[in-house]
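Enquirer: This one is protein.pdb, PDB, C-alpha atoms, pLDDT in the B column.
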```
ATOM      1  CA  MET A 534     -12.124  19.240   7.731  1.00 45.00           C
ATOM      2  CA  ALA A 535     -13.531  15.902   8.870  1.00 55.00           C
ATOM      3  CA  THR A 536     -11.720  14.173  11.702  1.00 82.00           C
ATOM      4  CA  ALA A 537      -8.611  12.414  10.440  1.00 92.00           C
ATOM      5  CA  LYS A 538      -8.647   8.634  10.438  1.00 98.00           C
ATOM      6  CA  ILE A 539      -6.112   6.068  11.636  1.00 98.00           C
ATOM      7  CA  GLY A 540      -4.890   3.302   9.364  1.00 98.00           C
ATOM      8  CA  SER A 541      -3.092   0.048   9.991  1.00 98.00           C
ATOM      9  CA  PRO A 542      -0.242  -1.016   7.732  1.00 96.00           C
ATOM     10  CA  LEU A 543      -0.175  -4.567   6.421  1.00 97.00           C
ATOM     11  CA  TYR A 544       3.624  -4.776   6.238  1.00 96.00           C
ATOM     12  CA  ILE A 545       3.935  -6.003   9.824  1.00 96.00           C
ATOM     13  CA  LEU A 546       1.274  -8.624   9.015  1.00 97.00           C
ATOM     14  CA  ARG A 547       2.716  -9.684   5.653  1.00 96.00           C
ATOM     15  CA  GLU A 548       3.146 -13.332   6.655  1.00 96.00           C
ATOM     16  CA  GLU A 549      -0.397 -13.505   8.015  1.00 97.00           C
ATOM     17  CA  CYS A 550      -1.715 -11.810   4.849  1.00 98.00           C
ATOM     18  CA  ALA A 551      -0.019 -14.408   2.659  1.00 97.00           C
ATOM     19  CA  LYS A 552      -1.974 -17.094   4.503  1.00 98.00           C
ATOM     20  CA  ASP A 553      -5.373 -15.391   4.805  1.00 98.00           C
ATOM     21  CA  LEU A 554      -5.786 -11.714   3.925  1.00 98.00           C
ATOM     22  CA  MET A 555      -9.498 -11.737   4.703  1.00 98.00           C
ATOM     23  CA  GLN A 556      -8.918 -12.964   8.246  1.00 98.00           C
ATOM     24  CA  VAL A 557      -6.310 -10.236   8.755  1.00 98.00           C
ATOM     25  CA  LEU A 558      -8.837  -7.598   7.692  1.00 98.00           C
ATOM     26  CA  GLU A 559     -11.333  -8.963  10.216  1.00 98.00           C
ATOM     27  CA  LYS A 560      -8.776  -8.760  13.026  1.00 98.00           C
ATOM     28  CA  ILE A 561      -7.739  -5.207  12.113  1.00 98.00           C
ATOM     29  CA  SER A 562     -11.393  -4.209  12.212  1.00 98.00           C
ATOM     30  CA  GLU A 563     -11.747  -5.804  15.650  1.00 98.00           C
ATOM     31  CA  LEU A 564      -8.798  -3.716  16.889  1.00 98.00           C
ATOM     32  CA  GLY A 565     -10.738  -0.583  15.957  1.00 98.00           C
ATOM     33  CA  TYR A 566      -8.743   0.795  13.025  1.00 98.00           C
ATOM     34  CA  ASP A 567     -10.547   2.952  10.464  1.00 98.00           C
ATOM     35  CA  GLY A 568      -8.713   1.537   7.476  1.00 98.00           C
ATOM     36  CA  VAL A 569      -5.785  -0.426   6.109  1.00 98.00           C
ATOM     37  CA  GLU A 570      -2.877   0.345   3.844  1.00 98.00           C
ATOM     38  CA  PHE A 571      -2.331  -2.622   1.582  1.00 98.00           C
ATOM     39  CA  LEU A 572       0.864  -4.346   0.542  1.00 96.00           C
ATOM     40  CA  GLY A 573      -0.598  -5.939  -2.556  1.00 96.00           C
ATOM     41  CA  PHE A 574      -3.688  -8.126  -2.772  1.00 97.00           C
ATOM     42  CA  PHE A 575      -2.044 -11.501  -2.011  1.00 97.00           C
ATOM     43  CA  GLY A 576      -3.852 -13.221  -4.868  1.00 96.00           C
ATOM     44  CA  ASN A 577      -7.311 -11.933  -3.935  1.00 98.00           C
ATOM     45  CA  LYS A 578      -9.666 -10.279  -6.424  1.00 97.00           C
ATOM     46  CA  PRO A 579     -10.395  -6.565  -5.925  1.00 98.00           C
ATOM     47  CA  ALA A 580     -14.141  -7.219  -5.790  1.00 98.00           C
ATOM     48  CA  ASP A 581     -13.706  -9.760  -2.996  1.00 98.00           C
ATOM     49  CA  ILE A 582     -11.462  -7.382  -1.052  1.00 98.00           C
ATOM     50  CA  LYS A 583     -14.000  -4.579  -1.428  1.00 98.00           C
ATOM     51  CA  ASN A 584     -16.780  -6.823  -0.103  1.00 98.00           C
ATOM     52  CA  LYS A 585     -14.676  -7.801   2.904  1.00 98.00           C
ATOM     53  CA  LEU A 586     -13.708  -4.192   3.632  1.00 98.00           C
ATOM     54  CA  ASP A 587     -17.361  -3.160   3.540  1.00 98.00           C
ATOM     55  CA  SER A 588     -18.445  -5.999   5.810  1.00 98.00           C
ATOM     56  CA  CYS A 589     -15.686  -5.093   8.294  1.00 98.00           C
ATOM     57  CA  GLY A 590     -16.374  -1.366   8.209  1.00 98.00           C
ATOM     58  CA  LEU A 591     -12.891  -0.622   6.903  1.00 98.00           C
ATOM     59  CA  THR A 592     -11.612   1.801   4.257  1.00 98.00           C
ATOM     60  CA  ALA A 593      -8.767   1.109   1.863  1.00 98.00           C
ATOM     61  CA  VAL A 594      -6.276   3.865   2.667  1.00 97.00           C
ATOM     62  CA  GLY A 595      -4.070   2.904  -0.245  1.00 97.00           C
ATOM     63  CA  ASP A 596      -1.596   0.334  -1.480  1.00 98.00           C
ATOM     64  CA  HIS A 597       2.085   0.037  -2.326  1.00 97.00           C
ATOM     65  CA  VAL A 598       2.854  -0.748  -5.972  1.00 98.00           C
ATOM     66  CA  ALA A 599       6.289  -1.350  -7.476  1.00 98.00           C
ATOM     67  CA  PHE A 600       7.592   1.400  -9.755  1.00 98.00           C
ATOM     68  CA  ASP A 601       7.952  -0.721 -12.904  1.00 98.00           C
ATOM     69  CA  GLU A 602       4.566  -2.402 -12.453  1.00 98.00           C
ATOM     70  CA  PHE A 603       2.863   0.966 -12.091  1.00 98.00           C
ATOM     71  CA  ALA A 604       4.759   2.458 -15.028  1.00 98.00           C
ATOM     72  CA  ASN A 605       3.945  -0.447 -17.355  1.00 98.00           C
ATOM     73  CA  ASN A 606       0.331  -1.062 -16.278  1.00 98.00           C
ATOM     74  CA  THR A 607      -0.855   2.356 -15.149  1.00 98.00           C
ATOM     75  CA  ASN A 608      -4.521   2.121 -16.125  1.00 98.00           C
ATOM     76  CA  LYS A 609      -4.902  -1.437 -14.863  1.00 98.00           C
ATOM     77  CA  VAL A 610      -3.391  -0.544 -11.480  1.00 98.00           C
ATOM     78  CA  ILE A 611      -5.607   2.516 -11.129  1.00 98.00           C
ATOM     79  CA  ASP A 612      -8.779   0.636 -12.102  1.00 98.00           C
ATOM     80  CA  GLU A 613      -8.116  -2.209  -9.646  1.00 97.00           C
ATOM     81  CA  HIS A 614      -7.533   0.198  -6.784  1.00 98.00           C
ATOM     82  CA  LYS A 615     -10.562   2.311  -7.588  1.00 97.00           C
ATOM     83  CA  GLU A 616     -12.565  -0.897  -7.313  1.00 97.00           C
ATOM     84  CA  ILE A 617     -11.564  -1.387  -3.675  1.00 97.00           C
ATOM     85  CA  GLY A 618     -12.080   2.297  -2.871  1.00 97.00           C
ATOM     86  CA  CYS A 619      -8.512   3.614  -2.655  1.00 96.00           C
ATOM     87  CA  LYS A 620      -7.992   7.371  -2.852  1.00 97.00           C
ATOM     88  CA  TYR A 621      -4.229   6.932  -2.733  1.00 98.00           C
ATOM     89  CA  ILE A 622      -1.626   4.619  -4.233  1.00 98.00           C
ATOM     90  CA  THR A 623       2.006   4.678  -3.148  1.00 98.00           C
ATOM     91  CA  ILE A 624       4.581   4.123  -5.861  1.00 98.00           C
ATOM     92  CA  GLY A 625       7.829   2.323  -5.132  1.00 97.00           C
ATOM     93  CA  ALA A 626      11.262   3.826  -5.642  1.00 97.00           C
ATOM     94  CA  PRO A 627      12.539   3.827  -9.257  1.00 97.00           C
ATOM     95  CA  PRO A 628      15.523   1.655 -10.186  1.00 96.00           C
ATOM     96  CA  VAL A 629      17.356   4.836 -11.206  1.00 96.00           C
ATOM     97  CA  LEU A 630      16.438   8.312 -10.032  1.00 96.00           C
ATOM     98  CA  ASP A 631      16.812  10.346 -13.222  1.00 97.00           C
ATOM     99  CA  ASP A 632      14.807  12.635 -15.486  1.00 97.00           C
ATOM    100  CA  LYS A 633      12.970   9.649 -16.979  1.00 98.00           C
ATOM    101  CA  ALA A 634      11.851   8.565 -13.514  1.00 98.00           C
ATOM    102  CA  PHE A 635      10.543  12.060 -12.787  1.00 98.00           C
ATOM    103  CA  GLU A 636       8.632  12.029 -16.083  1.00 98.00           C
ATOM    104  CA  ILE A 637       7.040   8.712 -15.096  1.00 98.00           C
ATOM    105  CA  PHE A 638       6.105  10.059 -11.658  1.00 98.00           C
ATOM    106  CA  GLU A 639       4.401  13.007 -13.353  1.00 98.00           C
ATOM    107  CA  ARG A 640       2.616  10.881 -15.966  1.00 98.00           C
ATOM    108  CA  ILE A 641       1.219   8.466 -13.406  1.00 98.00           C
ATOM    109  CA  GLY A 642       0.425  11.292 -11.005  1.00 98.00           C
ATOM    110  CA  GLU A 643      -1.589  13.093 -13.668  1.00 98.00           C
ATOM    111  CA  ALA A 644      -3.494   9.898 -14.502  1.00 98.00           C
ATOM    112  CA  MET A 645      -4.248   9.448 -10.815  1.00 98.00           C
ATOM    113  CA  ILE A 646      -5.562  13.014 -10.466  1.00 98.00           C
ATOM    114  CA  LEU A 647      -7.804  12.537 -13.518  1.00 98.00           C
ATOM    115  CA  SER A 648      -9.183   9.424 -11.792  1.00 97.00           C
ATOM    116  CA  GLY A 649      -9.897  11.341  -8.588  1.00 97.00           C
ATOM    117  CA  MET A 650      -6.933   9.826  -6.757  1.00 98.00           C
ATOM    118  CA  LYS A 651      -3.468  10.921  -5.633  1.00 98.00           C
ATOM    119  CA  LEU A 652      -0.065   9.344  -6.162  1.00 98.00           C
ATOM    120  CA  LEU A 653       2.104   9.101  -3.040  1.00 98.00           C
ATOM    121  CA  TYR A 654       5.779   8.464  -2.385  1.00 98.00           C
ATOM    122  CA  HIS A 655       6.749   6.815   0.906  1.00 98.00           C
ATOM    123  CA  ASN A 656      10.285   7.419   2.085  1.00 98.00           C
ATOM    124  CA  HIS A 657      12.630   5.106   3.923  1.00 97.00           C
ATOM    125  CA  ALA A 658      15.914   6.019   5.588  1.00 97.00           C
ATOM    126  CA  GLU A 659      17.870   5.702   2.332  1.00 96.00           C
ATOM    127  CA  GLU A 660      16.383   8.818   0.746  1.00 97.00           C
ATOM    128  CA  LEU A 661      17.585  10.831   3.737  1.00 97.00           C
ATOM    129  CA  ARG A 662      21.028   9.286   3.892  1.00 96.00           C
ATOM    130  CA  GLU A 663      21.445   9.753   0.135  1.00 96.00           C
ATOM    131  CA  LYS A 664      19.815  13.206   0.273  1.00 96.00           C
ATOM    132  CA  THR A 665      17.373  12.427  -2.554  1.00 97.00           C
ATOM    133  CA  LEU A 666      13.986  12.963  -0.885  1.00 98.00           C
ATOM    134  CA  GLU A 667      13.847  16.698  -1.572  1.00 98.00           C
ATOM    135  CA  LYS A 668      14.984  16.122  -5.144  1.00 97.00           C
ATOM    136  CA  ILE A 669      12.070  13.725  -5.659  1.00 98.00           C
ATOM    137  CA  PHE A 670       9.423  16.126  -4.409  1.00 98.00           C
ATOM    138  CA  ASP A 671      11.002  19.328  -5.717  1.00 98.00           C
ATOM    139  CA  SER A 672      11.202  17.813  -9.214  1.00 97.00           C
ATOM    140  CA  THR A 673       7.523  16.834  -9.323  1.00 98.00           C
ATOM    141  CA  LYS A 674       4.134  18.487  -8.854  1.00 97.00           C
ATOM    142  CA  ASN A 675       1.772  15.510  -9.267  1.00 98.00           C
ATOM    143  CA  LEU A 676       3.495  13.418  -6.593  1.00 98.00           C
ATOM    144  CA  TYR A 677       2.278  13.774  -3.015  1.00 98.00           C
ATOM    145  CA  CYS A 678       4.138  13.062   0.211  1.00 98.00           C
ATOM    146  CA  GLU A 679       3.588  10.032   2.378  1.00 98.00           C
ATOM    147  CA  LEU A 680       6.194  11.104   4.895  1.00 98.00           C
ATOM    148  CA  ASP A 681       7.397   8.345   7.209  1.00 98.00           C
ATOM    149  CA  LEU A 682       8.530  10.418  10.166  1.00 98.00           C
ATOM    150  CA  GLY A 683      10.350   7.569  11.858  1.00 98.00           C
ATOM    151  CA  TRP A 684      12.412   6.675   8.796  1.00 98.00           C
ATOM    152  CA  ILE A 685      13.294  10.355   8.366  1.00 98.00           C
ATOM    153  CA  SER A 686      14.664  10.378  11.910  1.00 98.00           C
ATOM    154  CA  ILE A 687      16.474   7.063  11.481  1.00 97.00           C
ATOM    155  CA  GLY A 688      17.986   8.463   8.283  1.00 96.00           C
ATOM    156  CA  GLY A 689      19.535  11.276  10.310  1.00 96.00           C
ATOM    157  CA  ALA A 690      17.207  14.112   9.277  1.00 98.00           C
ATOM    158  CA  ASP A 691      14.620  16.230  11.048  1.00 98.00           C
ATOM    159  CA  PRO A 692      10.947  15.257  10.478  1.00 98.00           C
ATOM    160  CA  VAL A 693       9.885  18.790  11.446  1.00 98.00           C
ATOM    161  CA  TYR A 694      11.731  20.216   8.456  1.00 98.00           C
ATOM    162  CA  TYR A 695       9.944  17.953   5.987  1.00 98.00           C
ATOM    163  CA  LEU A 696       6.497  18.416   7.522  1.00 98.00           C
ATOM    164  CA  GLU A 697       6.951  22.164   7.318  1.00 98.00           C
ATOM    165  CA  LYS A 698       8.421  22.237   3.814  1.00 98.00           C
ATOM    166  CA  TYR A 699       5.772  19.984   2.271  1.00 98.00           C
ATOM    167  CA  LYS A 700       2.835  21.024   4.434  1.00 97.00           C
ATOM    168  CA  ASP A 701       0.600  21.391   1.384  1.00 97.00           C
ATOM    169  CA  ARG A 702       1.334  17.880   0.065  1.00 98.00           C
ATOM    170  CA  CYS A 703       0.799  15.528   3.035  1.00 98.00           C
ATOM    171  CA  PRO A 704      -2.564  13.704   2.811  1.00 98.00           C
ATOM    172  CA  VAL A 705      -1.158  10.595   4.524  1.00 98.00           C
ATOM    173  CA  VAL A 706       1.474  10.617   7.286  1.00 98.00           C
ATOM    174  CA  HIS A 707       3.231   7.585   8.754  1.00 98.00           C
ATOM    175  CA  PHE A 708       4.086   7.584  12.442  1.00 98.00           C
ATOM    176  CA  LYS A 709       6.897   5.101  13.088  1.00 98.00           C
ATOM    177  CA  ASP A 710       8.662   4.775  16.450  1.00 98.00           C
ATOM    178  CA  TYR A 711      11.958   3.225  17.457  1.00 98.00           C
ATOM    179  CA  MET A 712      14.687   3.019  20.103  1.00 97.00           C
ATOM    180  CA  PRO A 713      18.462   3.157  19.555  1.00 94.00           C
ATOM    181  CA  ASP A 714      20.067  -0.245  20.088  1.00 94.00           C
ATOM    182  CA  LYS A 715      23.826  -0.659  19.787  1.00 88.00           C
ATOM    183  CA  THR A 716      23.519  -4.446  20.013  1.00 89.00           C
ATOM    184  CA  ASN A 717      21.541  -4.480  16.769  1.00 87.00           C
ATOM    185  CA  ASN A 718      23.350  -4.276  13.420  1.00 86.00           C
ATOM    186  CA  ALA A 719      20.819  -1.687  12.245  1.00 88.00           C
ATOM    187  CA  GLY A 720      21.517   0.469  15.301  1.00 93.00           C
ATOM    188  CA  PHE A 721      17.866   0.574  16.366  1.00 96.00           C
ATOM    189  CA  ILE A 722      14.827  -1.545  17.141  1.00 97.00           C
ATOM    190  CA  PHE A 723      11.238  -0.779  16.200  1.00 97.00           C
ATOM    191  CA  ARG A 724       8.685   0.135  18.830  1.00 97.00           C
ATOM    192  CA  PRO A 725       4.902   0.573  18.713  1.00 98.00           C
ATOM    193  CA  THR A 726       3.901   4.180  18.094  1.00 98.00           C
ATOM    194  CA  GLY A 727       4.305   6.127  21.326  1.00 98.00           C
ATOM    195  CA  TYR A 728       6.765   3.701  22.907  1.00 98.00           C
ATOM    196  CA  GLY A 729      10.023   4.927  21.408  1.00 98.00           C
ATOM    197  CA  ILE A 730      11.991   8.148  21.169  1.00 98.00           C
ATOM    198  CA  MET A 731       9.979   9.958  18.489  1.00 98.00           C
ATOM    199  CA  PRO A 732       8.434  13.316  19.584  1.00 98.00           C
ATOM    200  CA  ASN A 733       4.996  12.190  18.448  1.00 98.00           C
ATOM    201  CA  ALA A 734       3.002  14.878  20.264  1.00 98.00           C
ATOM    202  CA  GLU A 735       5.086  17.644  18.687  1.00 98.00           C
ATOM    203  CA  LEU A 736       4.890  16.067  15.243  1.00 98.00           C
ATOM    204  CA  TYR A 737       1.152  15.456  15.429  1.00 98.00           C
ATOM    205  CA  ALA A 738       0.560  19.071  16.510  1.00 98.00           C
ATOM    206  CA  LEU A 739       2.717  20.261  13.612  1.00 98.00           C
ATOM    207  CA  SER A 740       0.795  18.069  11.167  1.00 98.00           C
ATOM    208  CA  LEU A 741      -2.371  19.952  12.106  1.00 97.00           C
ATOM    209  CA  THR A 742      -0.831  23.056  10.531  1.00 97.00           C
ATOM    210  CA  CYS A 743      -0.645  21.323   7.146  1.00 98.00           C
ATOM    211  CA  ASP A 744      -3.020  22.810   4.594  1.00 96.00           C
ATOM    212  CA  PRO A 745      -4.956  20.720   3.879  1.00 96.00           C
ATOM    213  CA  GLN A 746      -4.558  18.685   7.050  1.00 97.00           C
ATOM    214  CA  PRO A 747      -3.714  14.980   6.657  1.00 98.00           C
ATOM    215  CA  GLU A 748      -6.660  12.696   6.016  1.00 98.00           C
ATOM    216  CA  TRP A 749      -4.925   9.581   7.339  1.00 98.00           C
ATOM    217  CA  TYR A 750      -2.343   8.732   9.980  1.00 98.00           C
ATOM    218  CA  VAL A 751      -0.806   5.287   9.576  1.00 98.00           C
ATOM    219  CA  MET A 752       0.717   3.519  12.588  1.00 98.00           C
ATOM    220  CA  ASP A 753       3.629   2.226  10.556  1.00 94.00           C
ATOM    221  CA  HIS A 754       5.348  -0.556  12.428  1.00 91.00           C
ATOM    222  CA  ASP A 755       7.698  -3.064  10.795  1.00 94.00           C
ATOM    223  CA  CYS A 756       8.440  -5.678  13.442  1.00 95.00           C
ATOM    224  CA  ALA A 757       7.073  -6.689  16.848  1.00 96.00           C
ATOM    225  CA  TYR A 758       9.936  -9.131  17.554  1.00 95.00           C
ATOM    226  CA  ASP A 759       8.819 -11.511  20.327  1.00 94.00           C
ATOM    227  CA  ARG A 760       5.525  -9.669  20.877  1.00 96.00           C
ATOM    228  CA  ASP A 761       2.293 -10.366  19.053  1.00 97.00           C
ATOM    229  CA  ASN A 762       1.891  -8.199  15.941  1.00 97.00           C
ATOM    230  CA  TYR A 763      -1.736  -7.441  16.716  1.00 98.00           C
ATOM    231  CA  PHE A 764      -0.856  -6.417  20.274  1.00 98.00           C
ATOM    232  CA  ASP A 765       1.624  -3.847  18.977  1.00 98.00           C
ATOM    233  CA  LEU A 766      -0.918  -2.517  16.492  1.00 98.00           C
ATOM    234  CA  LYS A 767      -3.515  -2.305  19.245  1.00 98.00           C
ATOM    235  CA  ILE A 768      -1.406  -0.264  21.647  1.00 98.00           C
ATOM    236  CA  SER A 769      -0.213   1.989  18.802  1.00 98.00           C
ATOM    237  CA  LEU A 770      -3.834   2.750  17.975  1.00 98.00           C
ATOM    238  CA  GLU A 771      -4.747   3.372  21.622  1.00 98.00           C
ATOM    239  CA  TYR A 772      -1.806   5.733  22.080  1.00 98.00           C
ATOM    240  CA  PHE A 773      -2.539   7.734  18.959  1.00 98.00           C
ATOM    241  CA  ARG A 774      -6.263   7.999  19.619  1.00 97.00           C
ATOM    242  CA  ASN A 775      -5.470   9.450  23.028  1.00 97.00           C
ATOM    243  CA  LEU A 776      -2.919  11.793  21.481  1.00 97.00           C
ATOM    244  CA  MET A 777      -5.491  13.087  19.009  1.00 97.00           C
ATOM    245  CA  THR A 778      -7.872  13.760  21.890  1.00 95.00           C
ATOM    246  CA  VAL A 779      -5.307  15.666  23.960  1.00 96.00           C
ATOM    247  CA  VAL A 780      -3.539  17.622  21.212  1.00 94.00           C
ATOM    248  CA  LYS A 781      -5.838  19.932  19.273  1.00 85.00           C
TER     249      LYS A 781
END
```
Show me, as structure tokens, the structure contained in the file I just sent.

Expert:
Amino acid sequence: MATAKIGSPLYILREECAKDLMQVLEKISELGYDGVEFLGFFGNKPADIKNKLDSCGLTAVGDHVAFDEFANNTNKVIDEHKEIGCKYITIGAPPVLDDKAFEIFERIGEAMILSGMKLLYHNHAEELREKTLEKIFDSTKNLYCELDLGWISIGGADPVYYLEKYKDRCPVVHFKDYMPDKTNNAGFIFRPTGYGIMPNAELYALSLTCDPQPEWYVMDHDCAYDRDNYFDLKISLEYFRNLMTVVK
């Protein structure tokens, strides 16, 4: 397969995006990322976003869309994201995880496949603590995994297990890093990728056994605290590029 690409999330830059999404895209391009994973369009038109992506040499990895919005406006959501070049769209968690939710996952997933795209589900820690992540994927066939390895670990589960179990459904993988912190109410603090406790080298090597191998790795990072957000994204990218060179 072609060499996998590295994407930047926009969640850590959500405040900057609300002020000037186009400027954020320029800065991400300057850092050297291959693409971005959106968090909505922040009032910008898809055509304008596509023009900016092209001028910056960036690819739209995907976007995160709320469950109800996607369910109620499926064709509109798909058409807008095709316009900016997305191959993937990540659907939010349903209000209630029941048979109706699974039917909606399958309906949207089928529409995505017919449009040449794939529907993803991105986990947080809750799905591991509540033991619902396997139920979501085992109850669907048109829903692909966007495993967030850091959130799996924070949720008390083993990322290796999920990478191995769903190795045929992982086109996009999120690498999130963290450190335990007993002074923090959450019990942890975020770190740039490669600067926490996650066994990133082991997990990256394991991801290469997926079939097909992931197309995108996203340096998912929620908070830089007193550091500059772009600095954290920069050193995450540098770390992971080096890791990809060393681990084959």

Enquirer: Determine, counting only C-alpha atoms, every residue of protein, DNA or RNA that lies within 6 Å of (-7.7, 7.4, -5.1) in the file coordinates, then give the result as JSON, numbers by chain.

Expert: {"A": [619, 620, 621, 649, 650, 651]}

Enquirer: Once the PyMOL selection byres ((chain A and resi 715-727) around 10) has been applied to the shown file, what residues remain in the selection, as a PDB file with C-alpha atoms, in the frame of the given file?

Expert:
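So the final result, stored in part11.pdb, reads:
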```
ATOM      1  CA  GLY A 683      10.350   7.569  11.858  1.00 98.00           C
ATOM      2  CA  ILE A 687      16.474   7.063  11.481  1.00 97.00           C
ATOM      3  CA  HIS A 707       3.231   7.585   8.754  1.00 98.00           C
ATOM      4  CA  PHE A 708       4.086   7.584  12.442  1.00 98.00           C
ATOM      5  CA  LYS A 709       6.897   5.101  13.088  1.00 98.00           C
ATOM      6  CA  ASP A 710       8.662   4.775  16.450  1.00 98.00           C
ATOM      7  CA  TYR A 711      11.958   3.225  17.457  1.00 98.00           C
ATOM      8  CA  MET A 712      14.687   3.019  20.103  1.00 97.00           C
ATOM      9  CA  PRO A 713      18.462   3.157  19.555  1.00 94.00           C
ATOM     10  CA  ASP A 714      20.067  -0.245  20.088  1.00 94.00           C
ATOM     11  CA  TYR A 728       6.765   3.701  22.907  1.00 98.00           C
ATOM     12  CA  GLY A 729      10.023   4.927  21.408  1.00 98.00           C
ATOM     13  CA  ILE A 730      11.991   8.148  21.169  1.00 98.00           C
ATOM     14  CA  MET A 731       9.979   9.958  18.489  1.00 98.00           C
ATOM     15  CA  PRO A 732       8.434  13.316  19.584  1.00 98.00           C
ATOM     16  CA  ASN A 733       4.996  12.190  18.448  1.00 98.00           C
ATOM     17  CA  ALA A 734       3.002  14.878  20.264  1.00 98.00           C
ATOM     18  CA  VAL A 751      -0.806   5.287   9.576  1.00 98.00           C
ATOM     19  CA  MET A 752       0.717   3.519  12.588  1.00 98.00           C
ATOM     20  CA  ASP A 753       3.629   2.226  10.556  1.00 94.00           C
ATOM     21  CA  HIS A 754       5.348  -0.556  12.428  1.00 91.00           C
ATOM     22  CA  ASP A 755       7.698  -3.064  10.795  1.00 94.00           C
ATOM     23  CA  CYS A 756       8.440  -5.678  13.442  1.00 95.00           C
ATOM     24  CA  ALA A 757       7.073  -6.689  16.848  1.00 96.00           C
ATOM     25  CA  TYR A 758       9.936  -9.131  17.554  1.00 95.00           C
ATOM     26  CA  ASN A 762       1.891  -8.199  15.941  1.00 97.00           C
ATOM     27  CA  PHE A 764      -0.856  -6.417  20.274  1.00 98.00           C
ATOM     28  CA  ASP A 765       1.624  -3.847  18.977  1.00 98.00           C
ATOM     29  CA  LEU A 766      -0.918  -2.517  16.492  1.00 98.00           C
ATOM     30  CA  LYS A 767      -3.515  -2.305  19.245  1.00 98.00           C
ATOM     31  CA  ILE A 768      -1.406  -0.264  21.647  1.00 98.00           C
ATOM     32  CA  SER A 769      -0.213   1.989  18.802  1.00 98.00           C
ATOM     33  CA  LEU A 770      -3.834   2.750  17.975  1.00 98.00           C
ATOM     34  CA  GLU A 771      -4.747   3.372  21.622  1.00 98.00           C
ATOM     35  CA  TYR A 772      -1.806   5.733  22.080  1.00 98.00           C
ATOM     36  CA  PHE A 773      -2.539   7.734  18.959  1.00 98.00           C
ATOM     37  CA  LEU A 776      -2.919  11.793  21.481  1.00 97.00           C
TER      38      LEU A 776
END
```

Enquirer: Suppose you want the space between atom CA of A:Asp612 and atom CA of A:Ser541; what is it in Å?

Expert: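 Distance reported for this atom pair: 22.8 Å.
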
Enquirer: Between atom CA of A:Leu682 and atom CA of A:Asp759, what is the distance in Å, rounded to a tenth?

Expert: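 It comes out at 24.2 Å.
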
Enquirer: I'd like to see the residues matched by the PyMOL selection byres ((chain A and resi 691-694) around 9) on this file, and ideally I'd get them as a list in words.

Expert: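 Applied to this file, the PyMOL selection byres ((chain A and resi 691-694) around 9) selects Leu680, Asp681, Leu682, Gly683, Trp684, Ile685, Ser686, Gly688, Gly689, Ala690, Tyr695, Leu696, Glu697, Lys698, Tyr699, Glu735, Leu736 and Leu739 of chain A.
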
Enquirer: Enumerate, as a PDB file with C-alpha atoms, keeping the file's coordinate frame, the residues matched when the PyMOL selection byres ((chain A and resi 589) around 9) is run on the file above.

Expert:
```pdb
ATOM      1  CA  LEU A 558      -8.837  -7.598   7.692  1.00 98.00           C
ATOM      2  CA  GLU A 559     -11.333  -8.963  10.216  1.00 98.00           C
ATOM      3  CA  ILE A 561      -7.739  -5.207  12.113  1.00 98.00           C
ATOM      4  CA  SER A 562     -11.393  -4.209  12.212  1.00 98.00           C
ATOM      5  CA  GLU A 563     -11.747  -5.804  15.650  1.00 98.00           C
ATOM      6  CA  ASN A 584     -16.780  -6.823  -0.103  1.00 98.00           C
ATOM      7  CA  LYS A 585     -14.676  -7.801   2.904  1.00 98.00           C
ATOM      8  CA  LEU A 586     -13.708  -4.192   3.632  1.00 98.00           C
ATOM      9  CA  ASP A 587     -17.361  -3.160   3.540  1.00 98.00           C
ATOM     10  CA  SER A 588     -18.445  -5.999   5.810  1.00 98.00           C
ATOM     11  CA  GLY A 590     -16.374  -1.366   8.209  1.00 98.00           C
ATOM     12  CA  LEU A 591     -12.891  -0.622   6.903  1.00 98.00           C
ATOM     13  CA  THR A 592     -11.612   1.801   4.257  1.00 98.00           C
TER      14      THR A 592
END
```

Enquirer: What is the atom CA of A:Val629-atom CA of A:Val610 distance in Å, reported with one decimal?

Expert: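 Those two atoms sit 21.4 Å apart.
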
Enquirer: For each of A:Thr536, A:Asn608, A:Asn577, A:Asn775, take the minimum atom-to-atom distance to A:Trp749, counting all atoms listed in the file, then give the residue where this is smallest.

Expert: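 Closest residue, counting all atoms listed in the file: A:Thr536.
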
Enquirer: Check which residues of stretch 686-735 of chain A sit at most 8 Å from stretch 671-679 of chain A using only C-alpha atoms, and return one row each with the closest pair of atoms and their distance in Å to one decimal, ordered by chain and rising number, as JSON lines.

Expert:
```
{"residue": "A:Tyr699", "atom": "CA", "partner": "A:Cys678", "partner_atom": "CA", "distance": 7.4}
{"residue": "A:Arg702", "atom": "CA", "partner": "A:Tyr677", "partner_atom": "CA", "distance": 5.2}
{"residue": "A:Cys703", "atom": "CA", "partner": "A:Cys678", "partner_atom": "CA", "distance": 5.0}
{"residue": "A:Pro704", "atom": "CA", "partner": "A:Glu679", "partner_atom": "CA", "distance": 7.2}
{"residue": "A:Val705", "atom": "CA", "partner": "A:Glu679", "partner_atom": "CA", "distance": 5.2}
{"residue": "A:Val706", "atom": "CA", "partner": "A:Glu679", "partner_atom": "CA", "distance": 5.4}
{"residue": "A:His707", "atom": "CA", "partner": "A:Glu679", "partner_atom": "CA", "distance": 6.8}
```

Enquirer: Identify which of the residues A:Arg662, A:His655, A:Ile669, A:Gly568 lies closest to A:Asp632, counting only C-alpha atoms when measuring atom-to-atom distances.

Expert: A:Ile669
